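**Q** Supplied in structure tokens, the structure appears directly below.
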Amino acid sequence: MIYMDNAATTMHKPQAVIDAVAAAMGSMGNAGRGANEASLSASRVIYDTRDKLCRFFGAEDARRIVFTNNSTESLNIAIKGLLNSGDHVITTMLEHNSVLRPLYEMEKQGVKLTIIKSDGKGMFDLRDMEKAILPETKMIICTNGSNLTGNYIDIEKVGELAHNRGLLFVVDASQTAGVFPIDVQRMHVDVLCFTGHKGLLGPQGIGGMYVREGLAIRPLKSGGSGVQTYSKTHPAEMPTALEAGTLNGHGIAGLGAAIDYLNEVGIDTVREKEQRLMRKFYDGVKEIPGVKLYGDFDTFNRCAIVTLNIGDYDSSEVSDELLTEYGISTRPGGHCAPLMHEALGTVEQGAVRFSFSHYNTDEEVDTAISAIRELAQD
Amino acid sequence: MRKKELKLVITFHTTADAMAMEKACKEYHVPGRIIPVPRAISAGCGLAWCAELSEKEEIAAMMRKAGIREEEMHECMV
């Protein structure tokens with residue numbers, strides 16, 4: 001199988017990640033739930049990974065890194081734990097349902113929501129965002145990269161705007177963490193939400209968030225913490241405040257190994273390879289009659305995603321044919337990005353998304369280009 | 001693109017149901033395969049079970065036996 005659905009999850013993981021998960025499963029106790037060697041071993045691995053993530057994202061302190069299941073959980077914690085009735089929040093049409101649905105829920109609880117419109121290429125204008133700021137605006141929340149088009153959003157510029165206007169800035173880095181450089185302090189990011197299983201090359205079921213020093217988030221969950229057992233309230237100290245219950249220690253061990261791998265190979269090397277393969281694929285299909293491409297390709301500094309349709313064919317059908325006839329895995333449909341599809345006019349047809357990893361090869365891209373050429377000819 | 005044929009397409013309420021369907025079909029040796037839900041049925045994404053129309057009764061009986069509930073059974077060109 002030629003796997004080109006890396007924006008959904010990177011299937012090919014470094015061997016070191018697999019080994020780290022297996023080793024953890026054979027040795028880990030419950031972190032912070034005792035001083036026996038197995039428990040301590042888990043605590044150490046978890047703290048070590050916290051520390052690696054802290055450095056990776058330019059955070060000020062490892063205790064500002066919180067482990068969650070995935071970006072969705074991180075985003076829910078940030079949105080539901082920071083916004084209150086009467087607050088105004090600004091987001092964009094590029095967002096995934098993991099941002100939009102929690103925001104719609106908050107809207108029902110009295111939060112005012114503004115969604116910045118996107119143009120036909122799937123980009124938004126920062127000036128529109130600035131114009132949308134109201135006296136009661138509390139937060140700007142946006143993606144660092146569209147999961148549908150691959151368009152890259154310069155969060156440093158958005159962060160500067162938020163910072164200058166005294167707003168909280170929450171970033172969904174699901175598509176960029178592990179591939180694009182992120183420096184939360186320089187970019188004025190107050191909360192960074194990431195998942196471990198995409199660009200970070202870790203296991204599924206482990207994600208996290210960075211929360212800026214001094215920012216308190218109302219937790220979604222309370223429960224076991226391993227400390228302050230006789231207190232009726234969950235500890236307020238970070239990261240425990242947002243980490244009720246046993247952590248996914250095995251996943252965290254894998255994520256730690258993945259960060260080591262990325263540091264060793266270098267995210268610039270990873271990104272350049274992915275972007276080169278994306279460009280090769282884009283160049284190979286752009287002239288094929290009947291192929292329609294979505295997104296902004298004026299720059300190739302974008303996530304390694306090429307989304308297309310062939311004529312009026314149902315995207316599910318094209319994706320199914322790519323799999324059954326050519327063994328190529330892609331993702332059709334709506335990609336959990338309903339507003340982006342609205343902006344592109346693809347709600348009915350959906351679109352076929354090809355997303356690349358640095359593990360993909362030139363030969364695989366050649367095969368995919370030929371497949372599109374053949375399908376478009378029929 | 002290959003020529004479309006009239007098929008039985010069964011949609012489900014959850015991905016878990018679609019997976020249960022695939023597992024049950026394998027167990028009961030019922031032919032068919034998982035496909036992405038055709039947009040003609042729904043733009044809401046997800047997985048569906050695609051099989052020959054002639055198998056409809058047999059599949060329905062198998063689903064009852066296995067306790068799998070469909071969202072809808074469609075006859076459509078895929």
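Going through the structure tokens in order, the chains are called A, B, and so on, while each chain numbers its residues from 1 and the ligands are numbered from 1 in the order shown.
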With only C-alpha atoms considered, list every residue of chain A at most 9 Å from chain B, as a PyMOL selection string.
**A** chain A and resi 313-321+332-336+347-350+374-378
**Q** Would you write out those residues with C-alpha atoms, as a CSV table (one decimal), in the first residue's frame?
**A**
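Saved to selection-v6.csv:
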chain,number,residue,atom,x,y,z
A,313,TYR,CA,-16.7,12.6,-9.6
A,314,ASP,CA,-17.7,11.9,-6.0
A,315,SER,CA,-14.5,12.2,-4.0
A,316,SER,CA,-15.3,9.0,-2.1
A,317,GLU,CA,-15.5,7.2,-5.4
A,318,VAL,CA,-12.1,8.5,-6.6
A,319,SER,CA,-10.5,7.7,-3.2
A,320,ASP,CA,-12.0,4.2,-3.3
A,321,GLU,CA,-10.7,3.6,-6.8
A,332,PRO,CA,-12.0,11.7,0.7
A,333,GLY,CA,-15.1,13.6,2.0
A,334,GLY,CA,-15.3,16.5,4.4
A,335,HIS,CA,-12.2,16.1,6.6
A,336,CYS,CA,-14.0,17.4,9.6
A,347,VAL,CA,-19.6,20.5,0.4
A,348,GLU,CA,-21.4,18.1,-2.0
A,349,GLN,CA,-18.5,16.6,-3.8
A,350,GLY,CA,-16.0,16.5,-0.9
A,374,GLU,CA,-5.5,7.6,-15.8
A,375,LEU,CA,-8.5,8.2,-13.7
A,376,ALA,CA,-9.0,11.7,-15.2
A,377,GLN,CA,-8.8,10.2,-18.7
A,378,ASP,CA,-11.7,7.8,-18.2
**Q** Neighbours of range 16-31 of chain A within 10 Å (only C-alpha atoms; same-chain residues fewer than 5 positions away dropped), as a ChimeraX atom specification?
**A** /A:36-47,201-203,225-226,246-261
**Q** May I have the residues from that selection written out with N, CA and C atoms, as an mmCIF file, in the first residue's frame?
**A**
data_model
loop_
_atom_site.group_PDB
_atom_site.id
_atom_site.type_symbol
_atom_site.label_atom_id
_atom_site.label_comp_id
_atom_site.auth_asym_id
_atom_site.auth_seq_id
_atom_site.Cartn_x
_atom_site.Cartn_y
_atom_site.Cartn_z
ATOM 1 N N ASN A 36 7.568 3.086 44.304
ATOM 2 C CA ASN A 36 8.221 1.839 43.897
ATOM 3 C C ASN A 36 8.915 2.058 42.567
ATOM 4 N N GLU A 37 9.834 1.188 42.245
ATOM 5 C CA GLU A 37 10.697 1.416 41.090
ATOM 6 C C GLU A 37 9.907 1.513 39.781
ATOM 7 N N ALA A 38 8.855 0.695 39.657
ATOM 8 C CA ALA A 38 8.061 0.709 38.417
ATOM 9 C C ALA A 38 7.330 2.041 38.255
ATOM 10 N N SER A 39 6.792 2.547 39.351
ATOM 11 C CA SER A 39 6.087 3.818 39.305
ATOM 12 C C SER A 39 7.056 4.955 39.013
ATOM 13 N N LEU A 40 8.208 4.911 39.694
ATOM 14 C CA LEU A 40 9.204 5.961 39.478
ATOM 15 C C LEU A 40 9.710 5.954 38.041
ATOM 16 N N SER A 41 9.840 4.758 37.481
ATOM 17 C CA SER A 41 10.321 4.649 36.106
ATOM 18 C C SER A 41 9.345 5.368 35.171
ATOM 19 N N ALA A 42 8.037 5.204 35.434
ATOM 20 C CA ALA A 42 7.027 5.890 34.625
ATOM 21 C C ALA A 42 7.113 7.397 34.830
ATOM 22 N N SER A 43 7.229 7.799 36.092
ATOM 23 C CA SER A 43 7.310 9.234 36.392
ATOM 24 C C SER A 43 8.493 9.882 35.684
ATOM 25 N N ARG A 44 9.591 9.159 35.671
ATOM 26 C CA ARG A 44 10.802 9.723 35.052
ATOM 27 C C ARG A 44 10.625 9.873 33.545
ATOM 28 N N VAL A 45 10.107 8.839 32.916
ATOM 29 C CA VAL A 45 9.919 8.896 31.457
ATOM 30 C C VAL A 45 8.953 10.032 31.108
ATOM 31 N N ILE A 46 7.895 10.156 31.906
ATOM 32 C CA ILE A 46 6.896 11.185 31.624
ATOM 33 C C ILE A 46 7.492 12.576 31.818
ATOM 34 N N TYR A 47 8.246 12.749 32.886
ATOM 35 C CA TYR A 47 8.836 14.074 33.089
ATOM 36 C C TYR A 47 9.856 14.386 31.994
ATOM 37 N N LEU A 201 5.045 12.083 15.021
ATOM 38 C CA LEU A 201 5.431 10.690 14.756
ATOM 39 C C LEU A 201 5.304 9.759 15.959
ATOM 40 N N GLY A 202 4.531 10.167 16.946
ATOM 41 C CA GLY A 202 4.329 9.319 18.123
ATOM 42 C C GLY A 202 3.105 8.430 17.962
ATOM 43 N N PRO A 203 2.749 7.725 19.042
ATOM 44 C CA PRO A 203 1.579 6.837 18.985
ATOM 45 C C PRO A 203 0.269 7.629 18.999
ATOM 46 N N SER A 225 -4.998 12.130 41.431
ATOM 47 C CA SER A 225 -3.835 12.932 41.073
ATOM 48 C C SER A 225 -2.558 12.378 41.704
ATOM 49 N N GLY A 226 -2.728 11.461 42.670
ATOM 50 C CA GLY A 226 -1.553 10.911 43.343
ATOM 51 C C GLY A 226 -1.021 11.824 44.438
ATOM 52 N N THR A 246 -4.947 8.505 35.402
ATOM 53 C CA THR A 246 -3.681 7.924 34.948
ATOM 54 C C THR A 246 -3.347 8.395 33.549
ATOM 55 N N LEU A 247 -2.114 8.832 33.380
ATOM 56 C CA LEU A 247 -1.674 9.297 32.057
ATOM 57 C C LEU A 247 -1.372 8.106 31.150
ATOM 58 N N ASN A 248 -1.340 8.381 29.856
ATOM 59 C CA ASN A 248 -0.961 7.362 28.875
ATOM 60 C C ASN A 248 0.562 7.256 28.843
ATOM 61 N N GLY A 249 1.094 6.643 29.886
ATOM 62 C CA GLY A 249 2.541 6.553 30.035
ATOM 63 C C GLY A 249 3.230 5.855 28.869
ATOM 64 N N HIS A 250 2.589 4.816 28.354
ATOM 65 C CA HIS A 250 3.196 4.082 27.232
ATOM 66 C C HIS A 250 3.270 4.972 25.991
ATOM 67 N N GLY A 251 2.203 5.720 25.772
ATOM 68 C CA GLY A 251 2.188 6.648 24.638
ATOM 69 C C GLY A 251 3.188 7.769 24.830
ATOM 70 N N ILE A 252 3.302 8.232 26.066
ATOM 71 C CA ILE A 252 4.238 9.326 26.354
ATOM 72 C C ILE A 252 5.679 8.869 26.121
ATOM 73 N N ALA A 253 5.970 7.615 26.483
ATOM 74 C CA ALA A 253 7.314 7.072 26.242
ATOM 75 C C ALA A 253 7.609 7.075 24.737
ATOM 76 N N GLY A 254 6.604 6.691 23.951
ATOM 77 C CA GLY A 254 6.762 6.691 22.494
ATOM 78 C C GLY A 254 6.955 8.095 21.958
ATOM 79 N N LEU A 255 6.186 9.034 22.497
ATOM 80 C CA LEU A 255 6.297 10.422 22.046
ATOM 81 C C LEU A 255 7.671 10.998 22.378
ATOM 82 N N GLY A 256 8.182 10.622 23.549
ATOM 83 C CA GLY A 256 9.525 11.079 23.930
ATOM 84 C C GLY A 256 10.566 10.592 22.929
ATOM 85 N N ALA A 257 10.440 9.326 22.528
ATOM 86 C CA ALA A 257 11.383 8.768 21.548
ATOM 87 C C ALA A 257 11.215 9.448 20.194
ATOM 88 N N ALA A 258 9.978 9.836 19.886
ATOM 89 C CA ALA A 258 9.719 10.504 18.606
ATOM 90 C C ALA A 258 10.376 11.882 18.571
ATOM 91 N N ILE A 259 10.338 12.580 19.707
ATOM 92 C CA ILE A 259 10.988 13.904 19.770
ATOM 93 C C ILE A 259 12.502 13.740 19.568
ATOM 94 N N ASP A 260 13.058 12.702 20.193
ATOM 95 C CA ASP A 260 14.495 12.438 20.005
ATOM 96 C C ASP A 260 14.802 12.216 18.528
ATOM 97 N N TYR A 261 13.945 11.428 17.885
ATOM 98 C CA TYR A 261 14.144 11.136 16.460
ATOM 99 C C TYR A 261 14.107 12.433 15.644
#
**Q** Residues near Phe281 in chain A, anyone? I mean within 9 Å using only C-alpha atoms, not counting same-chain ones fewer than 6 positions away, as a list in words.
**A**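 Residues meeting the cut-off are Val306, Val365, Asp366, Ala368 and Ile369 of chain A.
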**Q** Pull the alpha helix (DSSP H) assignments for range 52-187 of chain A out of DSSP run on the backbone, and list those residues as a VMD selection string.
**A** chain A and resid 52 to 56 71 to 82 97 to 108 126 to 131 155 to 164
**Q** Got time to write the residues from that selection, N, CA and C atoms, as a compact mmCIF listing (two decimals), in the first residue's frame?
**A**
# COMPACT_ATOMS: atom_id res chain seq x y z
N LYS A 52 11.35 17.41 27.14
CA LYS A 52 11.70 17.44 25.70
C LYS A 52 10.72 18.30 24.93
N LEU A 53 9.43 18.17 25.25
CA LEU A 53 8.40 18.97 24.56
C LEU A 53 8.55 20.45 24.89
N CYS A 54 8.91 20.73 26.13
CA CYS A 54 9.12 22.10 26.57
C CYS A 54 10.20 22.76 25.71
N ARG A 55 11.30 22.07 25.53
CA ARG A 55 12.39 22.61 24.71
C ARG A 55 11.98 22.69 23.25
N PHE A 56 11.28 21.66 22.79
CA PHE A 56 10.88 21.56 21.38
C PHE A 56 10.01 22.75 20.97
N SER A 71 -5.27 16.44 20.20
CA SER A 71 -5.56 17.87 20.02
C SER A 71 -6.99 18.19 20.44
N THR A 72 -7.91 17.31 20.09
CA THR A 72 -9.32 17.57 20.40
C THR A 72 -9.52 17.80 21.90
N GLU A 73 -8.91 16.95 22.70
CA GLU A 73 -9.05 17.13 24.14
C GLU A 73 -8.39 18.44 24.59
N SER A 74 -7.21 18.71 24.04
CA SER A 74 -6.50 19.94 24.41
C SER A 74 -7.35 21.16 24.06
N LEU A 75 -7.93 21.15 22.86
CA LEU A 75 -8.74 22.29 22.40
C LEU A 75 -10.00 22.45 23.26
N ASN A 76 -10.60 21.33 23.61
CA ASN A 76 -11.78 21.40 24.49
C ASN A 76 -11.42 22.00 25.85
N ILE A 77 -10.27 21.59 26.38
CA ILE A 77 -9.83 22.13 27.67
C ILE A 77 -9.63 23.64 27.56
N ALA A 78 -8.96 24.06 26.48
CA ALA A 78 -8.66 25.49 26.32
C ALA A 78 -9.93 26.30 26.12
N ILE A 79 -10.80 25.83 25.24
CA ILE A 79 -12.00 26.60 24.88
C ILE A 79 -12.99 26.64 26.05
N LYS A 80 -13.26 25.48 26.62
CA LYS A 80 -14.27 25.42 27.68
C LYS A 80 -13.73 25.91 29.02
N GLY A 81 -12.42 25.89 29.16
CA GLY A 81 -11.82 26.30 30.42
C GLY A 81 -11.39 27.75 30.48
N LEU A 82 -11.47 28.45 29.36
CA LEU A 82 -11.04 29.85 29.36
C LEU A 82 -12.18 30.82 29.05
N ASN A 97 -13.37 20.66 13.06
CA ASN A 97 -14.49 20.54 14.01
C ASN A 97 -14.04 20.50 15.47
N SER A 98 -12.81 20.13 15.71
CA SER A 98 -12.33 20.09 17.10
C SER A 98 -12.19 21.49 17.69
N VAL A 99 -12.17 22.50 16.83
CA VAL A 99 -12.24 23.89 17.29
C VAL A 99 -13.68 24.37 17.20
N LEU A 100 -14.31 24.10 16.07
CA LEU A 100 -15.64 24.66 15.81
C LEU A 100 -16.71 24.12 16.76
N ARG A 101 -16.75 22.82 16.94
CA ARG A 101 -17.84 22.25 17.76
C ARG A 101 -17.79 22.72 19.21
N PRO A 102 -16.61 22.71 19.87
CA PRO A 102 -16.58 23.27 21.23
C PRO A 102 -16.99 24.75 21.24
N LEU A 103 -16.62 25.49 20.19
CA LEU A 103 -17.01 26.91 20.15
C LEU A 103 -18.52 27.05 20.00
N TYR A 104 -19.13 26.21 19.16
CA TYR A 104 -20.59 26.26 19.01
C TYR A 104 -21.28 25.95 20.34
N GLU A 105 -20.69 25.01 21.08
CA GLU A 105 -21.26 24.69 22.40
C GLU A 105 -21.18 25.90 23.31
N MET A 106 -20.04 26.58 23.28
CA MET A 106 -19.88 27.76 24.14
C MET A 106 -20.82 28.89 23.71
N GLU A 107 -21.08 28.93 22.41
CA GLU A 107 -22.00 29.95 21.89
C GLU A 107 -23.37 29.80 22.56
N LYS A 108 -23.77 28.54 22.74
CA LYS A 108 -25.06 28.29 23.40
C LYS A 108 -25.03 28.72 24.86
N LEU A 126 -5.61 38.92 7.74
CA LEU A 126 -5.37 39.29 9.14
C LEU A 126 -6.08 40.60 9.50
N ARG A 127 -6.26 41.45 8.47
CA ARG A 127 -6.93 42.74 8.74
C ARG A 127 -8.40 42.51 9.12
N ASP A 128 -9.01 41.46 8.55
CA ASP A 128 -10.39 41.13 8.92
C ASP A 128 -10.45 40.71 10.39
N MET A 129 -9.42 40.00 10.80
CA MET A 129 -9.35 39.55 12.19
C MET A 129 -9.24 40.76 13.12
N GLU A 130 -8.40 41.69 12.72
CA GLU A 130 -8.19 42.89 13.53
C GLU A 130 -9.49 43.69 13.65
N LYS A 131 -10.20 43.78 12.50
CA LYS A 131 -11.46 44.55 12.48
C LYS A 131 -12.53 43.88 13.35
N ILE A 155 1.48 32.03 12.43
CA ILE A 155 0.92 32.30 13.77
C ILE A 155 1.71 33.37 14.51
N GLU A 156 2.89 33.65 14.01
CA GLU A 156 3.64 34.72 14.66
C GLU A 156 2.92 36.05 14.46
N LYS A 157 2.38 36.25 13.26
CA LYS A 157 1.66 37.50 12.96
C LYS A 157 0.36 37.57 13.75
N VAL A 158 -0.37 36.46 13.79
CA VAL A 158 -1.63 36.43 14.54
C VAL A 158 -1.32 36.64 16.02
N GLY A 159 -0.25 36.01 16.50
CA GLY A 159 0.14 36.13 17.90
C GLY A 159 0.49 37.57 18.26
N GLU A 160 1.13 38.24 17.33
CA GLU A 160 1.52 39.64 17.56
C GLU A 160 0.26 40.51 17.71
N LEU A 161 -0.71 40.24 16.83
CA LEU A 161 -1.98 40.98 16.90
C LEU A 161 -2.66 40.73 18.24
N ALA A 162 -2.76 39.46 18.61
CA ALA A 162 -3.42 39.11 19.87
C ALA A 162 -2.70 39.76 21.05
N HIS A 163 -1.38 39.67 21.03
CA HIS A 163 -0.57 40.22 22.12
C HIS A 163 -0.77 41.74 22.23
N ASN A 164 -0.69 42.42 21.08
CA ASN A 164 -0.84 43.88 21.08
C ASN A 164 -2.20 44.34 21.57
**Q** As an exercise, work out the distance from CA of Lys280 in chain A to CA of Ala351 in chain A in Å and give it to one decimal place.
**A**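 Interatomic distance, CA of Lys280 in chain A to CA of Ala351 in chain A: 19.5 Å.
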**Q** What parts of range 30-61 of chain B does DSSP call strand (DSSP E or B)? I'd like the answer as a list in words.
**A**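 Reading the DSSP output for range 30-61 of chain B, strand (DSSP E or B) covers Arg33, Ile34, Ile35, Pro36, Leu47, Ala48, Trp49, Cys50 and Ala51 of chain B.
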**Q** Output the selection as a short mmCIF file (atom, residue, chain, number, x, y, z; two decimals), in the first residue's frame - C-alpha atoms for each residue.
**A**
data_model
loop_
_atom_site.label_atom_id
_atom_site.label_comp_id
_atom_site.auth_asym_id
_atom_site.auth_seq_id
_atom_site.Cartn_x
_atom_site.Cartn_y
_atom_site.Cartn_z
CA ARG B 33 -16.54 -4.74 1.56
CA ILE B 34 -16.21 -1.46 3.41
CA ILE B 35 -16.32 1.68 1.24
CA PRO B 36 -16.39 5.40 2.03
CA LEU B 47 -17.94 4.12 6.17
CA ALA B 48 -20.54 1.95 4.53
CA TRP B 49 -20.90 -1.72 3.66
CA CYS B 50 -21.12 -2.40 -0.05
CA ALA B 51 -22.43 -5.70 -1.40
#
**Q** Which residues are near Asp190 in chain A? Cut-off 9 Å, only C-alpha atoms, ignore same chain within fewer than 5 positions. Put them as a PDB file with N, CA and C atoms, in the first residue's frame.
**A**
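Wrote selection-v7.pdb, looks like this:
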ATOM      1  N   GLY A 159      -0.251  36.015  16.495  1.00  0.00           N
ATOM      2  CA  GLY A 159       0.144  36.134  17.898  1.00  0.00           C
ATOM      3  C   GLY A 159       0.490  37.570  18.265  1.00  0.00           C
ATOM      4  N   LEU A 168      -6.064  36.574  24.463  1.00  0.00           N
ATOM      5  CA  LEU A 168      -5.466  35.246  24.566  1.00  0.00           C
ATOM      6  C   LEU A 168      -5.334  34.674  23.161  1.00  0.00           C
ATOM      7  N   PHE A 169      -4.235  33.976  22.925  1.00  0.00           N
ATOM      8  CA  PHE A 169      -4.035  33.364  21.607  1.00  0.00           C
ATOM      9  C   PHE A 169      -3.867  31.853  21.785  1.00  0.00           C
ATOM     10  N   VAL A 170      -4.836  31.115  21.229  1.00  0.00           N
ATOM     11  CA  VAL A 170      -4.826  29.651  21.308  1.00  0.00           C
ATOM     12  C   VAL A 170      -4.579  29.106  19.906  1.00  0.00           C
ATOM     13  N   VAL A 171      -3.636  28.188  19.779  1.00  0.00           N
ATOM     14  CA  VAL A 171      -3.253  27.667  18.458  1.00  0.00           C
ATOM     15  C   VAL A 171      -3.525  26.169  18.365  1.00  0.00           C
ATOM     16  N   VAL A 184       6.686  29.062  21.212  1.00  0.00           N
ATOM     17  CA  VAL A 184       5.483  29.654  21.824  1.00  0.00           C
ATOM     18  C   VAL A 184       5.738  31.029  22.432  1.00  0.00           C
ATOM     19  N   GLN A 185       6.910  31.217  22.969  1.00  0.00           N
ATOM     20  CA  GLN A 185       7.154  32.523  23.609  1.00  0.00           C
ATOM     21  C   GLN A 185       7.349  33.615  22.568  1.00  0.00           C
ATOM     22  N   TYR A 210       0.491  23.223  25.649  1.00  0.00           N
ATOM     23  CA  TYR A 210       1.333  24.137  26.411  1.00  0.00           C
ATOM     24  C   TYR A 210       0.414  25.231  26.923  1.00  0.00           C
ATOM     25  N   VAL A 211       0.572  25.570  28.195  1.00  0.00           N
ATOM     26  CA  VAL A 211      -0.216  26.664  28.772  1.00  0.00           C
ATOM     27  C   VAL A 211       0.761  27.683  29.355  1.00  0.00           C
ATOM     28  N   ARG A 212       0.663  28.900  28.883  1.00  0.00           N
ATOM     29  CA  ARG A 212       1.591  29.956  29.295  1.00  0.00           C
ATOM     30  C   ARG A 212       1.594  30.135  30.817  1.00  0.00           C
ATOM     31  N   GLU A 213       2.777  30.382  31.352  1.00  0.00           N
ATOM     32  CA  GLU A 213       2.959  30.659  32.784  1.00  0.00           C
ATOM     33  C   GLU A 213       1.984  31.748  33.233  1.00  0.00           C
ATOM     34  N   LEU A 215      -1.247  31.591  33.342  1.00  0.00           N
ATOM     35  CA  LEU A 215      -2.609  31.439  32.795  1.00  0.00           C
ATOM     36  C   LEU A 215      -3.272  30.221  33.447  1.00  0.00           C
TER      37      LEU A 215
END
**Q** What's around range 282-292 of chain A at 6 Å? Count only C-alpha atoms, leave out sequence neighbours fewer than 2 positions away in its own chain, and write the answer as a list in words.
**A**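 In the requested format, the answer is Arg279, Lys280, Leu308, Asn309, Ile310, Gly311 and Ile369 of chain A.
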**Q** To one decimal place, how far is CA of His197 in chain A from CA of Thr11 in chain B in Å?
**A** 28.3 Å
**Q** Please identify all polymer residues within 8 Å of Leu8 in chain B, counting only C-alpha atoms, omitting same-chain residues fewer than 3 positions from it, and present them as a list in words.
**A**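 Residues meeting the cut-off are Trp49, Cys50, Ala51, Glu52, Leu53, Lys56, Met73, His74, Glu75 and Cys76 of chain B.
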